[in-house]
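Text of the file coords_6.txt, holding compact mmCIF, C-alpha atoms:
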# COMPACT_ATOMS: atom_id res chain seq x y z
CA MET A 440 0.39 -8.93 31.17
CA ARG A 441 -2.64 -10.08 29.29
CA ARG A 442 -5.71 -8.07 30.27
CA LEU A 443 -7.32 -6.35 27.30
CA GLY A 444 -9.53 -3.29 27.28
CA ILE A 445 -11.62 -2.98 24.12
CA LEU A 446 -12.92 0.37 22.86
CA LEU A 447 -15.58 0.32 20.17
CA SER A 448 -18.27 2.54 18.66
CA GLY A 449 -20.26 0.01 16.65
CA ARG A 450 -20.51 -3.69 16.09
CA GLY A 451 -16.87 -4.35 16.92
CA SER A 452 -16.41 -7.38 14.68
CA ASN A 453 -12.72 -7.34 15.51
CA PHE A 454 -13.62 -7.52 19.18
CA GLN A 455 -15.66 -10.64 18.47
CA ALA A 456 -12.77 -12.19 16.55
CA ILE A 457 -10.45 -11.50 19.50
CA ALA A 458 -12.98 -13.04 21.89
CA ASN A 459 -13.31 -16.09 19.64
CA ASN A 460 -9.54 -16.53 19.43
CA ILE A 461 -9.25 -16.31 23.21
CA ALA A 462 -12.11 -18.80 23.71
CA ALA A 463 -10.49 -21.19 21.23
CA GLY A 464 -7.15 -21.01 23.01
CA ARG A 465 -5.44 -19.32 20.05
CA LEU A 466 -4.71 -16.13 22.01
CA ASP A 467 -3.52 -16.15 25.62
CA ALA A 468 -5.31 -13.08 26.98
CA GLU A 469 -8.54 -12.05 28.65
CA ILE A 470 -11.00 -9.29 27.93
CA ALA A 471 -11.15 -7.20 31.09
CA VAL A 472 -13.65 -4.60 29.90
CA VAL A 473 -15.42 -3.39 26.75
CA ILE A 474 -16.17 0.35 26.59
CA SER A 475 -18.15 2.26 23.99
CA ASN A 476 -18.72 5.98 23.50
CA ARG A 477 -22.14 5.07 22.09
CA GLU A 478 -24.79 3.49 24.32
CA SER A 479 -26.42 1.92 21.27
CA ALA A 480 -23.25 0.20 20.02
CA PRO A 481 -24.20 -3.41 19.20
CA GLY A 482 -20.75 -4.45 20.42
CA LEU A 483 -21.84 -3.75 24.02
CA GLN A 484 -24.75 -6.20 23.76
CA ILE A 485 -22.50 -8.77 22.18
CA ALA A 486 -19.95 -8.32 24.97
CA ARG A 487 -22.63 -8.81 27.62
CA SER A 488 -23.93 -11.90 25.86
CA LEU A 489 -20.38 -13.26 26.14
CA GLY A 490 -20.37 -12.50 29.87
CA LYS A 491 -17.93 -9.59 29.56
CA THR A 492 -18.09 -6.33 31.48
CA ALA A 493 -19.40 -3.77 29.02
CA LEU A 494 -19.78 -0.06 29.73
CA ALA A 495 -21.19 2.85 27.77
CA ILE A 496 -19.49 6.15 28.49
CA PRO A 497 -21.33 8.64 26.28
CA SER A 498 -19.04 11.35 24.97
CA ARG A 499 -21.70 13.87 24.03
CA GLY A 500 -21.01 17.33 25.44
CA LEU A 501 -17.71 16.38 27.10
CA ASP A 502 -14.39 17.75 25.94
CA ARG A 503 -11.81 15.22 24.84
CA THR A 504 -9.58 15.59 27.89
CA LEU A 505 -12.37 15.06 30.37
CA TYR A 506 -13.87 12.23 28.36
CA ASP A 507 -10.57 10.42 27.94
CA GLN A 508 -9.98 10.75 31.67
CA MET A 509 -13.25 8.97 32.38
CA VAL A 510 -12.33 6.16 30.00
CA LEU A 511 -8.83 5.90 31.47
CA GLU A 512 -10.29 5.57 34.95
CA GLU A 513 -12.37 2.59 33.86
CA LEU A 514 -9.43 0.99 32.09
CA HIS A 515 -7.29 1.37 35.20
CA ARG A 516 -10.10 0.17 37.44
CA HIS A 517 -10.18 -3.04 35.40
CA THR A 518 -6.36 -3.26 35.46
CA VAL A 519 -6.10 -3.28 31.67
CA ASP A 520 -2.63 -3.96 30.22
CA LEU A 521 -3.36 -3.38 26.54
CA VAL A 522 -6.01 -1.21 24.90
CA CYS A 523 -7.44 -2.49 21.59
CA LEU A 524 -9.49 -0.16 19.42
CA ALA A 525 -12.10 -2.03 17.41
CA GLY A 526 -13.94 0.49 15.30
CA TYR A 527 -13.60 3.24 17.90
CA MET A 528 -14.52 6.44 16.10
CA ARG A 529 -12.56 8.93 18.19
CA LEU A 530 -9.05 10.28 18.22
CA LEU A 531 -7.26 9.79 21.55
CA SER A 532 -5.80 12.70 23.53
CA ALA A 533 -2.08 13.00 24.25
CA GLN A 534 -2.86 12.23 27.87
CA PHE A 535 -4.56 8.95 26.89
CA ILE A 536 -1.63 7.91 24.67
CA ALA A 537 0.82 8.73 27.48
CA ALA A 538 -1.13 6.59 29.96
CA PHE A 539 -0.59 3.46 27.80
CA PRO A 540 2.75 3.90 26.05
CA ARG A 541 3.02 1.37 23.19
CA ARG A 542 -0.01 -0.29 24.74
CA ILE A 543 -2.76 0.93 22.43
CA LEU A 544 -3.47 -0.87 19.15
CA ASN A 545 -5.75 -0.14 16.25
CA ILE A 546 -6.63 -1.98 13.06
CA HIS A 547 -7.36 -0.23 9.79
CA PRO A 548 -8.76 -1.80 6.59
CA SER A 549 -6.05 -0.66 4.18
CA LEU A 550 -2.33 -1.04 3.66
CA LEU A 551 -1.35 2.15 5.44
CA PRO A 552 -0.10 4.75 4.66
CA SER A 553 -2.51 4.35 1.71
CA PHE A 554 -6.14 5.28 2.43
CA PRO A 555 -6.26 6.45 6.04
CA GLY A 556 -9.56 7.69 7.45
CA LEU A 557 -13.12 6.71 6.75
CA ASP A 558 -14.27 4.35 4.00
CA ALA A 559 -10.80 2.96 3.34
CA GLN A 560 -12.15 0.12 1.20
CA ARG A 561 -14.11 2.54 -0.98
CA GLN A 562 -11.07 4.78 -1.27
CA ALA A 563 -9.01 1.78 -2.43
CA LEU A 564 -11.58 0.74 -5.03
CA GLU A 565 -11.92 4.27 -6.38
CA HIS A 566 -8.15 4.68 -6.58
CA GLY A 567 -8.03 1.47 -8.58
CA VAL A 568 -5.39 -0.38 -6.57
CA ARG A 569 -4.99 -4.08 -7.40
CA ILE A 570 -3.80 -4.95 -3.89
CA SER A 571 -5.20 -3.72 -0.61
CA GLY A 572 -5.28 -5.17 2.89
CA CYS A 573 -5.19 -4.22 6.53
CA THR A 574 -2.81 -2.82 9.11
CA VAL A 575 -2.43 -3.23 12.89
CA HIS A 576 -0.52 -0.30 14.33
CA PHE A 577 0.30 1.39 17.60
CA VAL A 578 -1.94 4.39 18.13
CA ASP A 579 -0.59 7.89 18.36
CA GLU A 580 -2.39 11.22 18.36
CA ASN A 581 -2.89 11.29 14.60
CA LEU A 582 -5.44 9.43 12.52
CA ASP A 583 -4.37 5.90 11.48
CA SER A 584 -0.77 6.79 12.14
CA GLY A 585 1.71 5.23 14.57
CA PRO A 586 4.25 2.43 14.03
CA ILE A 587 2.97 -0.58 12.09
CA ILE A 588 3.04 -4.00 13.75
CA LEU A 589 1.52 -6.28 11.12
CA GLN A 590 -0.07 -5.97 7.68
CA ALA A 591 -1.83 -8.43 5.42
CA ALA A 592 -2.45 -8.03 1.69
CA VAL A 593 -5.45 -9.14 -0.35
CA PRO A 594 -6.11 -8.87 -4.10
CA VAL A 595 -8.67 -6.44 -5.45
CA ARG A 596 -10.77 -8.21 -8.10
CA ASP A 597 -12.18 -6.63 -11.26
CA HIS A 598 -15.74 -7.06 -10.07
CA ASP A 599 -15.24 -6.15 -6.42
CA THR A 600 -17.72 -3.90 -4.68
CA VAL A 601 -17.09 -2.21 -1.35
CA ASP A 602 -18.87 -5.15 0.28
CA THR A 603 -16.92 -7.95 -1.38
CA LEU A 604 -13.58 -6.21 -0.86
CA SER A 605 -14.45 -5.38 2.76
CA ALA A 606 -15.35 -9.00 3.47
CA ARG A 607 -12.04 -10.23 2.01
CA ILE A 608 -10.08 -7.71 4.09
CA LEU A 609 -12.12 -8.41 7.25
CA LYS A 610 -11.07 -12.04 7.19
CA GLU A 611 -7.43 -10.94 7.36
CA GLU A 612 -8.23 -8.33 10.02
CA HIS A 613 -9.62 -11.04 12.27
CA ARG A 614 -6.43 -13.04 11.85
CA ILE A 615 -3.71 -10.39 12.20
CA TYR A 616 -5.25 -8.39 15.03
CA SER A 617 -4.93 -11.34 17.41
CA GLU A 618 -1.44 -12.10 16.10
CA ALA A 619 -0.38 -8.52 16.77
CA ILE A 620 -1.92 -8.58 20.26
CA ALA A 621 0.08 -11.73 21.04
CA ILE A 622 3.29 -10.06 19.84
CA VAL A 623 2.73 -6.95 21.94
CA LEU A 624 1.68 -8.92 25.05
CA SER A 625 4.82 -11.05 24.72
CA GLY A 626 6.98 -7.91 24.80
CA LYS A 627 9.19 -9.51 22.15
CA PHE A 628 9.43 -6.54 19.81
CA SER A 629 11.39 -3.34 19.49
CA VAL A 630 10.53 0.00 17.91
CA GLU A 631 13.19 2.07 16.17
CA GLY A 632 11.93 5.24 14.56
CA ARG A 633 8.70 4.07 12.95
CA ARG A 634 9.99 0.55 12.40
CA VAL A 635 8.74 -2.31 14.57
CA ARG A 636 10.95 -5.37 14.68
CA ILE A 637 9.46 -8.62 15.93
CA ASN A 638 11.99 -10.78 17.69
CA ALA A 639 11.87 -14.48 17.05
CA GLN A 640 11.23 -16.36 20.28
CA MET B 595 0.16 -3.62 -32.22
CA ARG B 596 3.30 -4.78 -30.52
CA ARG B 597 6.17 -2.35 -31.14
CA LEU B 598 7.63 -1.01 -27.90
CA GLY B 599 9.56 2.21 -27.37
CA ILE B 600 11.64 2.18 -24.18
CA LEU B 601 12.64 5.38 -22.40
CA LEU B 602 15.32 5.13 -19.73
CA SER B 603 17.81 7.29 -17.86
CA GLY B 604 20.06 4.66 -16.30
CA ARG B 605 20.65 0.94 -16.34
CA GLY B 606 17.09 0.11 -17.27
CA SER B 607 16.90 -3.28 -15.58
CA ASN B 608 13.22 -3.44 -16.40
CA PHE B 609 14.10 -2.92 -20.06
CA GLN B 610 16.41 -5.92 -19.87
CA ALA B 611 13.70 -8.02 -18.25
CA ILE B 612 11.30 -7.06 -21.05
CA ALA B 613 13.95 -7.94 -23.66
CA ASN B 614 14.55 -11.28 -21.94
CA ASN B 615 10.86 -12.09 -21.83
CA ILE B 616 10.52 -11.29 -25.54
CA ALA B 617 13.60 -13.38 -26.41
CA ALA B 618 12.24 -16.29 -24.37
CA GLY B 619 8.86 -16.13 -26.11
CA ARG B 620 7.02 -15.11 -22.94
CA LEU B 621 5.98 -11.72 -24.35
CA ASP B 622 4.78 -11.25 -27.91
CA ALA B 623 6.27 -7.84 -28.72
CA GLU B 624 9.37 -6.26 -30.19
CA ILE B 625 11.56 -3.45 -28.99
CA ALA B 626 11.51 -0.85 -31.78
CA VAL B 627 13.76 1.73 -30.15
CA VAL B 628 15.45 2.57 -26.84
CA ILE B 629 15.85 6.27 -26.06
CA SER B 630 17.68 7.89 -23.18
CA ASN B 631 17.90 11.50 -22.05
CA ARG B 632 21.43 10.70 -20.80
CA GLU B 633 24.17 9.74 -23.25
CA SER B 634 25.98 7.86 -20.50
CA ALA B 635 22.98 5.68 -19.56
CA PRO B 636 24.26 2.08 -19.34
CA GLY B 637 20.92 0.94 -20.75
CA LEU B 638 21.89 2.33 -24.17
CA GLN B 639 25.01 0.15 -24.32
CA ILE B 640 23.03 -2.85 -23.19
CA ALA B 641 20.43 -2.17 -25.88
CA ARG B 642 23.12 -1.95 -28.57
CA SER B 643 24.70 -5.18 -27.32
CA LEU B 644 21.29 -6.80 -27.85
CA GLY B 645 21.18 -5.42 -31.39
CA LYS B 646 18.49 -2.85 -30.62
CA THR B 647 18.31 0.68 -31.98
CA ALA B 648 19.43 2.91 -29.12
CA LEU B 649 19.45 6.72 -29.19
CA ALA B 650 20.61 9.37 -26.78
CA ILE B 651 18.62 12.58 -26.97
CA PRO B 652 20.22 14.82 -24.33
CA SER B 653 17.71 17.04 -22.62
CA ARG B 654 20.11 19.60 -21.24
CA GLY B 655 19.13 23.17 -22.08
CA LEU B 656 15.92 22.20 -23.89
CA ASP B 657 12.50 23.07 -22.53
CA ARG B 658 10.17 20.17 -21.90
CA THR B 659 7.88 20.84 -24.84
CA LEU B 660 10.70 20.99 -27.37
CA TYR B 661 12.47 18.02 -25.84
CA ASP B 662 9.36 15.88 -25.75
CA GLN B 663 8.69 16.77 -29.40
CA MET B 664 12.12 15.42 -30.36
CA VAL B 665 11.47 12.19 -28.48
CA LEU B 666 7.99 11.87 -30.00
CA GLU B 667 9.44 12.25 -33.48
CA GLU B 668 11.78 9.33 -32.89
CA LEU B 669 9.02 7.21 -31.42
CA HIS B 670 6.83 7.90 -34.45
CA ARG B 671 9.73 7.33 -36.86
CA HIS B 672 10.10 3.85 -35.35
CA THR B 673 6.31 3.31 -35.46
CA VAL B 674 6.11 2.63 -31.74
CA ASP B 675 2.74 1.39 -30.43
CA LEU B 676 3.43 1.43 -26.71
CA VAL B 677 5.88 3.53 -24.70
CA CYS B 678 7.46 1.87 -21.65
CA LEU B 679 9.30 3.98 -19.10
CA ALA B 680 12.12 2.05 -17.42
CA GLY B 681 13.75 4.35 -14.90
CA TYR B 682 13.12 7.45 -17.01
CA MET B 683 13.75 10.36 -14.67
CA ARG B 684 11.57 12.97 -16.36
CA LEU B 685 7.93 13.98 -16.18
CA LEU B 686 6.16 13.89 -19.54
CA SER B 687 4.42 16.94 -21.04
CA ALA B 688 0.68 17.01 -21.72
CA GLN B 689 1.49 16.93 -25.42
CA PHE B 690 3.50 13.71 -24.99
CA ILE B 691 0.71 12.05 -23.00
CA ALA B 692 -1.84 13.10 -25.64
CA ALA B 693 0.28 11.58 -28.43
CA PHE B 694 0.03 8.11 -26.83
CA PRO B 695 -3.31 7.95 -25.05
CA ARG B 696 -3.33 4.95 -22.66
CA ARG B 697 -0.18 3.87 -24.43
CA ILE B 698 2.48 4.93 -21.93
CA LEU B 699 3.38 2.68 -19.00
CA ASN B 700 5.61 3.12 -15.98
CA ILE B 701 6.68 0.87 -13.15
CA HIS B 702 7.28 2.10 -9.63
CA PRO B 703 8.87 0.15 -6.73
CA SER B 704 6.08 0.61 -4.17
CA LEU B 705 2.41 -0.20 -3.74
CA LEU B 706 1.14 3.15 -4.98
CA PRO B 707 -0.34 5.45 -3.79
CA SER B 708 2.12 4.80 -0.93
CA PHE B 709 5.63 6.14 -1.46
CA PRO B 710 5.63 7.92 -4.83
CA GLY B 711 8.80 9.67 -5.97
CA LEU B 712 12.43 8.91 -5.41
CA ASP B 713 13.80 6.24 -3.08
CA ALA B 714 10.48 4.45 -2.68
CA GLN B 715 12.10 1.43 -1.05
CA ARG B 716 13.86 3.62 1.53
CA GLN B 717 10.61 5.48 2.16
CA ALA B 718 8.85 2.16 2.77
CA LEU B 719 11.52 0.94 5.20
CA GLU B 720 11.56 4.21 7.11
CA HIS B 721 7.77 4.23 7.34
CA GLY B 722 7.96 0.72 8.78
CA VAL B 723 5.47 -0.99 6.47
CA ARG B 724 5.42 -4.79 6.67
CA ILE B 725 4.28 -5.17 3.04
CA SER B 726 5.55 -3.28 0.03
CA GLY B 727 5.73 -4.11 -3.66
CA CYS B 728 5.53 -2.56 -7.09
CA THR B 729 3.00 -0.98 -9.41
CA VAL B 730 2.63 -0.79 -13.21
CA HIS B 731 0.45 2.16 -14.16
CA PHE B 732 -0.56 4.29 -17.10
CA VAL B 733 1.39 7.52 -17.12
CA ASP B 734 -0.27 10.88 -16.77
CA GLU B 735 1.23 14.30 -16.21
CA ASN B 736 1.75 13.78 -12.47
CA LEU B 737 4.47 11.85 -10.73
CA ASP B 738 3.76 8.12 -10.29
CA SER B 739 0.09 8.78 -10.82
CA GLY B 740 -2.27 7.42 -13.49
CA PRO B 741 -4.55 4.37 -13.43
CA ILE B 742 -2.99 1.20 -12.01
CA ILE B 743 -2.77 -1.89 -14.22
CA LEU B 744 -1.02 -4.44 -11.99
CA GLN B 745 0.57 -4.56 -8.56
CA ALA B 746 2.58 -7.19 -6.72
CA ALA B 747 3.19 -7.38 -2.97
CA VAL B 748 6.30 -8.53 -1.13
CA PRO B 749 6.94 -8.85 2.61
CA VAL B 750 9.29 -6.45 4.37
CA ARG B 751 11.56 -8.43 6.70
CA ASP B 752 12.84 -7.30 10.10
CA HIS B 753 16.42 -7.18 8.89
CA ASP B 754 15.81 -5.72 5.44
CA THR B 755 18.06 -3.00 4.12
CA VAL B 756 17.26 -0.83 1.11
CA ASP B 757 19.29 -3.28 -0.98
CA THR B 758 17.61 -6.49 0.16
CA LEU B 759 14.13 -5.00 -0.08
CA SER B 760 14.88 -3.49 -3.50
CA ALA B 761 16.10 -6.86 -4.80
CA ARG B 762 12.93 -8.59 -3.59
CA ILE B 763 10.74 -5.95 -5.23
CA LEU B 764 12.79 -5.92 -8.45
CA LYS B 765 12.09 -9.60 -9.01
CA GLU B 766 8.37 -8.82 -9.01
CA GLU B 767 8.89 -5.74 -11.20
CA HIS B 768 10.50 -7.90 -13.86
CA ARG B 769 7.51 -10.22 -13.80
CA ILE B 770 4.56 -7.82 -13.71
CA TYR B 771 5.88 -5.23 -16.17
CA SER B 772 5.82 -7.76 -19.01
CA GLU B 773 2.42 -9.04 -17.86
CA ALA B 774 1.03 -5.51 -17.93
CA ILE B 775 2.52 -4.85 -21.37
CA ALA B 776 0.82 -7.99 -22.69
CA ILE B 777 -2.51 -6.84 -21.26
CA VAL B 778 -2.26 -3.39 -22.81
CA LEU B 779 -1.06 -4.71 -26.19
CA SER B 780 -3.98 -7.14 -26.22
CA GLY B 781 -6.42 -4.26 -25.81
CA LYS B 782 -8.45 -6.46 -23.47
CA PHE B 783 -8.94 -3.96 -20.68
CA SER B 784 -11.17 -1.05 -19.81
CA VAL B 785 -10.62 2.05 -17.72
CA GLU B 786 -13.44 3.54 -15.67
CA GLY B 787 -12.43 6.50 -13.54
CA ARG B 788 -9.11 5.39 -12.12
CA ARG B 789 -10.08 1.72 -12.16
CA VAL B 790 -8.59 -0.60 -14.79
CA ARG B 791 -10.51 -3.80 -15.43
CA ILE B 792 -8.76 -6.63 -17.18
CA ASN B 793 -11.11 -8.69 -19.28
CA ALA B 794 -10.69 -12.42 -19.24
CA GLN B 795 -9.96 -13.72 -22.73
structure tokens encoding of this file:
Amino acid sequence: MRRLGILLSGRGSNFQAIANNIAAGRLDAEIAVVISNRESAPGLQIARSLGKTALAIPSRGLDRTLYDQMVLEELHRHTVDLVCLAGYMRLLSAQFIAAFPRRILNIHPSLLPSFPGLDAQRQALEHGVRISGCTVHFVDENLDSGPIILQAAVPVRDHDTVDTLSARILKEEHRIYSEAIAIVLSGKFSVEGRRVRINAQ
Amino acid sequence: MRRLGILLSGRGSNFQAIANNIAAGRLDAEIAVVISNRESAPGLQIARSLGKTALAIPSRGLDRTLYDQMVLEELHRHTVDLVCLAGYMRLLSAQFIAAFPRRILNIHPSLLPSFPGLDAQRQALEHGVRISGCTVHFVDENLDSGPIILQAAVPVRDHDTVDTLSARILKEEHRIYSEAIAIVLSGKFSVEGRRVRINAQ
């Protein structure tokens, strides 16, 4: 149980961090396929340069159910165990969620439930929080919802801009996403209500 | 500028922490008066045992405007510079806020804007966050709103109960409330939108 399917819409910097951690032996997994809803996503080129299978499945003009079915077919074709969203700018259908129960992860650049949605770092700065961070969570049908697996906190500095805060958070994203993937692949966790408990080995 | 007025409705453990920090020379301030809307608030007895002026002003049957006026009169009579809420279970009227502009602080046991309102620690556990904490903020007319001065983060453990998480957060509350009071008394801060910047000395 260690084949990852990556879905991305852009650069997919978290995908690259996962690939790096795998290459360095810090994460026991393999990237089975990278899929983007945008043909121009730089993450696809990066995936190919790393020798990974990378597919564009353009979503334009397709309804969500049909589109998700096409993506699911590719994930199944590549015998993916765990789906990792890495800047994938689409909500998933109920049918997609049901096909990978507790097997779809996302990372979000805030301490959820604060600042869901777009521009989380800007939201945090404008709200004036002194601590922000990032969250890896199971994906459900709602935006940036679903049980939380790991979070990391970072300070917000007086002179932070969106760029400086985003860079500080991104460093933690790259760390905890791979940690969360390892936890889920190991199966050593339980979910009770919204609460995820991670069992010591 | 260092005379504090404390408003509380219960035990007021944050009031005690402030009193301890003053007594130990860690906070340059003095407690001018402690006021409770509940005669039975244990915090009043504790205040008297520390030799502080402690008043009950029961709110029952009084409308908010009239009640707040009575409290304001006592705060002015004791020449209070800064009002610190310590488990004060009432919203303040616009007139109260206007009487102490940027001179009313509250502490809340979550990383706001997550989990405002009652039972913040239980809310955090039930939501399944892995990081929670506490927030000192300026008070405005809304619940647990107002610009944030300081926050502290704590981990949420797999086996935490409301009690164990609350105790871990409370330790940080006792630390950052006095730090925030010192910052506000010093005047060395600025507020831009919702964002509080703390100027290095």
Could you please select, counting all atoms listed in the file, the residues of chain B within 7 Å of chain A and state them as a PyMOL selection string?
-> chain B and resi 707-708+720-725+741-742+744-745+752+788-792
Hey, can I get the axis-aligned box for range 628-632 of chain B? All listed atoms, 3 Å padding on each side, centre and edge lengths in Å to one decimal, as JSON.
{"center_x": 18.4, "center_y": 7.0, "center_z": -23.8, "size_x": 12.0, "size_y": 14.9, "size_z": 12.0}
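Our summary of the geometry notes that CA of Ile474 in chain A is positioned 11.5 Å from CA of Gly526 in chain A.
Residues within 12 Å of His515 in chain A, counting only C-alpha atoms and excluding same-chain residues fewer than 5 positions away, are Arg442, Leu443, Gly444, Ala471, Val472, Gln508, Met509, Val510, Asp520, Leu521, Val522, Phe535, Ala538 and Phe539 of chain A.
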The distance between CA of Glu611 in chain A and CA of Cys573 in chain A is 7.1 Å
d(CA of Glu735 in chain B, CA of Asn631 in chain B) in Å = 17.9 Å
With a distance cut-off of 8 Å and all atoms listed in the file, select the neighbouring residues of Tyr527 in chain A, excluding the residue or stretch itself and same-chain residues fewer than 5 positions from it, and output the selection as number ranges by chain.
-> A: 446-449, 475
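The smallest atom-to-atom distance between Leu699 in chain B and any of B:Leu737, B:Leu712, B:Ile775, B:Leu621, using all atoms listed in the file, is found for B:Ile775.
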With all atoms listed in the file as the basis for distance, which of B:Pro703, B:Asp738, B:Phe732, B:Lys782 is at the shortest distance from Leu759 in chain B?
-> B:Pro703
Which neighbours of range 639-644 of chain B fall inside 10 Å, counting all atoms listed in the file, when residues of the same chain fewer than 3 positions from it are skipped, and could you give them as a list in words?
-> Ile600, Arg605, Gly606, Ser607, Phe609, Gln610, Ala613, Ile625, Val627, Val628, Ile629, Glu633, Ser634, Ala635, Pro636, Thr647, Ala648 and Leu649 of chain B
Name the residues in contact with Asn615 in chain B at a cut-off of 12 Å, using only C-alpha atoms, excluding same-chain residues fewer than 3 positions from it; report them as a list in words.
-> Asn608, Phe609, Gln610, Ala611, Ile612, Ala618, Gly619, Arg620, Leu621, Asp622, Ala623, Glu624, Ile625, His768, Arg769, Ile770, Tyr771, Ser772, Glu773, Ile775 and Ala776 of chain B
What would the file be for range 458-470 of chain A if you keep N, CA, C and O atoms and write it as a PDB file, in the first residue's frame?
ATOM      1  N   ALA A 458       8.107  14.032  -3.906  1.00  0.00           N
ATOM      2  CA  ALA A 458       9.050  13.305  -4.773  1.00  0.00           C
ATOM      3  C   ALA A 458      10.462  13.339  -4.196  1.00  0.00           C
ATOM      4  O   ALA A 458      11.167  12.318  -4.190  1.00  0.00           O
ATOM      5  N   ASN A 459      10.858  14.498  -3.693  1.00  0.00           N
ATOM      6  CA  ASN A 459      12.191  14.617  -3.076  1.00  0.00           C
ATOM      7  C   ASN A 459      12.329  13.700  -1.864  1.00  0.00           C
ATOM      8  O   ASN A 459      13.364  13.058  -1.672  1.00  0.00           O
ATOM      9  N   ASN A 460      11.288  13.676  -1.022  1.00  0.00           N
ATOM     10  CA  ASN A 460      11.350  12.848   0.184  1.00  0.00           C
ATOM     11  C   ASN A 460      11.410  11.369  -0.166  1.00  0.00           C
ATOM     12  O   ASN A 460      12.104  10.593   0.505  1.00  0.00           O
ATOM     13  N   ILE A 461      10.701  10.983  -1.223  1.00  0.00           N
ATOM     14  CA  ILE A 461      10.769   9.592  -1.674  1.00  0.00           C
ATOM     15  C   ILE A 461      12.178   9.285  -2.200  1.00  0.00           C
ATOM     16  O   ILE A 461      12.797   8.288  -1.812  1.00  0.00           O
ATOM     17  N   ALA A 462      12.698  10.183  -3.043  1.00  0.00           N
ATOM     18  CA  ALA A 462      14.028   9.965  -3.640  1.00  0.00           C
ATOM     19  C   ALA A 462      15.103   9.878  -2.563  1.00  0.00           C
ATOM     20  O   ALA A 462      16.069   9.117  -2.695  1.00  0.00           O
ATOM     21  N   ALA A 463      14.913  10.647  -1.482  1.00  0.00           N
ATOM     22  CA  ALA A 463      15.921  10.675  -0.414  1.00  0.00           C
ATOM     23  C   ALA A 463      15.717   9.556   0.599  1.00  0.00           C
ATOM     24  O   ALA A 463      16.452   9.476   1.590  1.00  0.00           O
ATOM     25  N   GLY A 464      14.714   8.719   0.370  1.00  0.00           N
ATOM     26  CA  GLY A 464      14.486   7.599   1.281  1.00  0.00           C
ATOM     27  C   GLY A 464      13.786   7.986   2.574  1.00  0.00           C
ATOM     28  O   GLY A 464      13.720   7.195   3.512  1.00  0.00           O
ATOM     29  N   ARG A 465      13.239   9.219   2.616  1.00  0.00           N
ATOM     30  CA  ARG A 465      12.549   9.654   3.839  1.00  0.00           C
ATOM     31  C   ARG A 465      11.072   9.269   3.843  1.00  0.00           C
ATOM     32  O   ARG A 465      10.400   9.386   4.858  1.00  0.00           O
ATOM     33  N   LEU A 466      10.575   8.836   2.683  1.00  0.00           N
ATOM     34  CA  LEU A 466       9.159   8.428   2.591  1.00  0.00           C
ATOM     35  C   LEU A 466       9.109   7.170   1.730  1.00  0.00           C
ATOM     36  O   LEU A 466       9.574   7.169   0.579  1.00  0.00           O
ATOM     37  N   ASP A 467       8.573   6.096   2.316  1.00  0.00           N
ATOM     38  CA  ASP A 467       8.514   4.815   1.605  1.00  0.00           C
ATOM     39  C   ASP A 467       7.221   4.768   0.796  1.00  0.00           C
ATOM     40  O   ASP A 467       6.174   4.340   1.283  1.00  0.00           O
ATOM     41  N   ALA A 468       7.299   5.228  -0.437  1.00  0.00           N
ATOM     42  CA  ALA A 468       6.130   5.288  -1.320  1.00  0.00           C
ATOM     43  C   ALA A 468       6.644   5.455  -2.739  1.00  0.00           C
ATOM     44  O   ALA A 468       7.848   5.645  -2.958  1.00  0.00           O
ATOM     45  N   GLU A 469       5.719   5.362  -3.706  1.00  0.00           N
ATOM     46  CA  GLU A 469       6.123   5.703  -5.072  1.00  0.00           C
ATOM     47  C   GLU A 469       4.999   6.485  -5.744  1.00  0.00           C
ATOM     48  O   GLU A 469       3.825   6.299  -5.422  1.00  0.00           O
ATOM     49  N   ILE A 470       5.386   7.355  -6.638  1.00  0.00           N
ATOM     50  CA  ILE A 470       4.405   8.175  -7.344  1.00  0.00           C
ATOM     51  C   ILE A 470       3.984   7.423  -8.599  1.00  0.00           C
ATOM     52  O   ILE A 470       4.773   7.261  -9.535  1.00  0.00           O
TER      53      ILE A 470
END
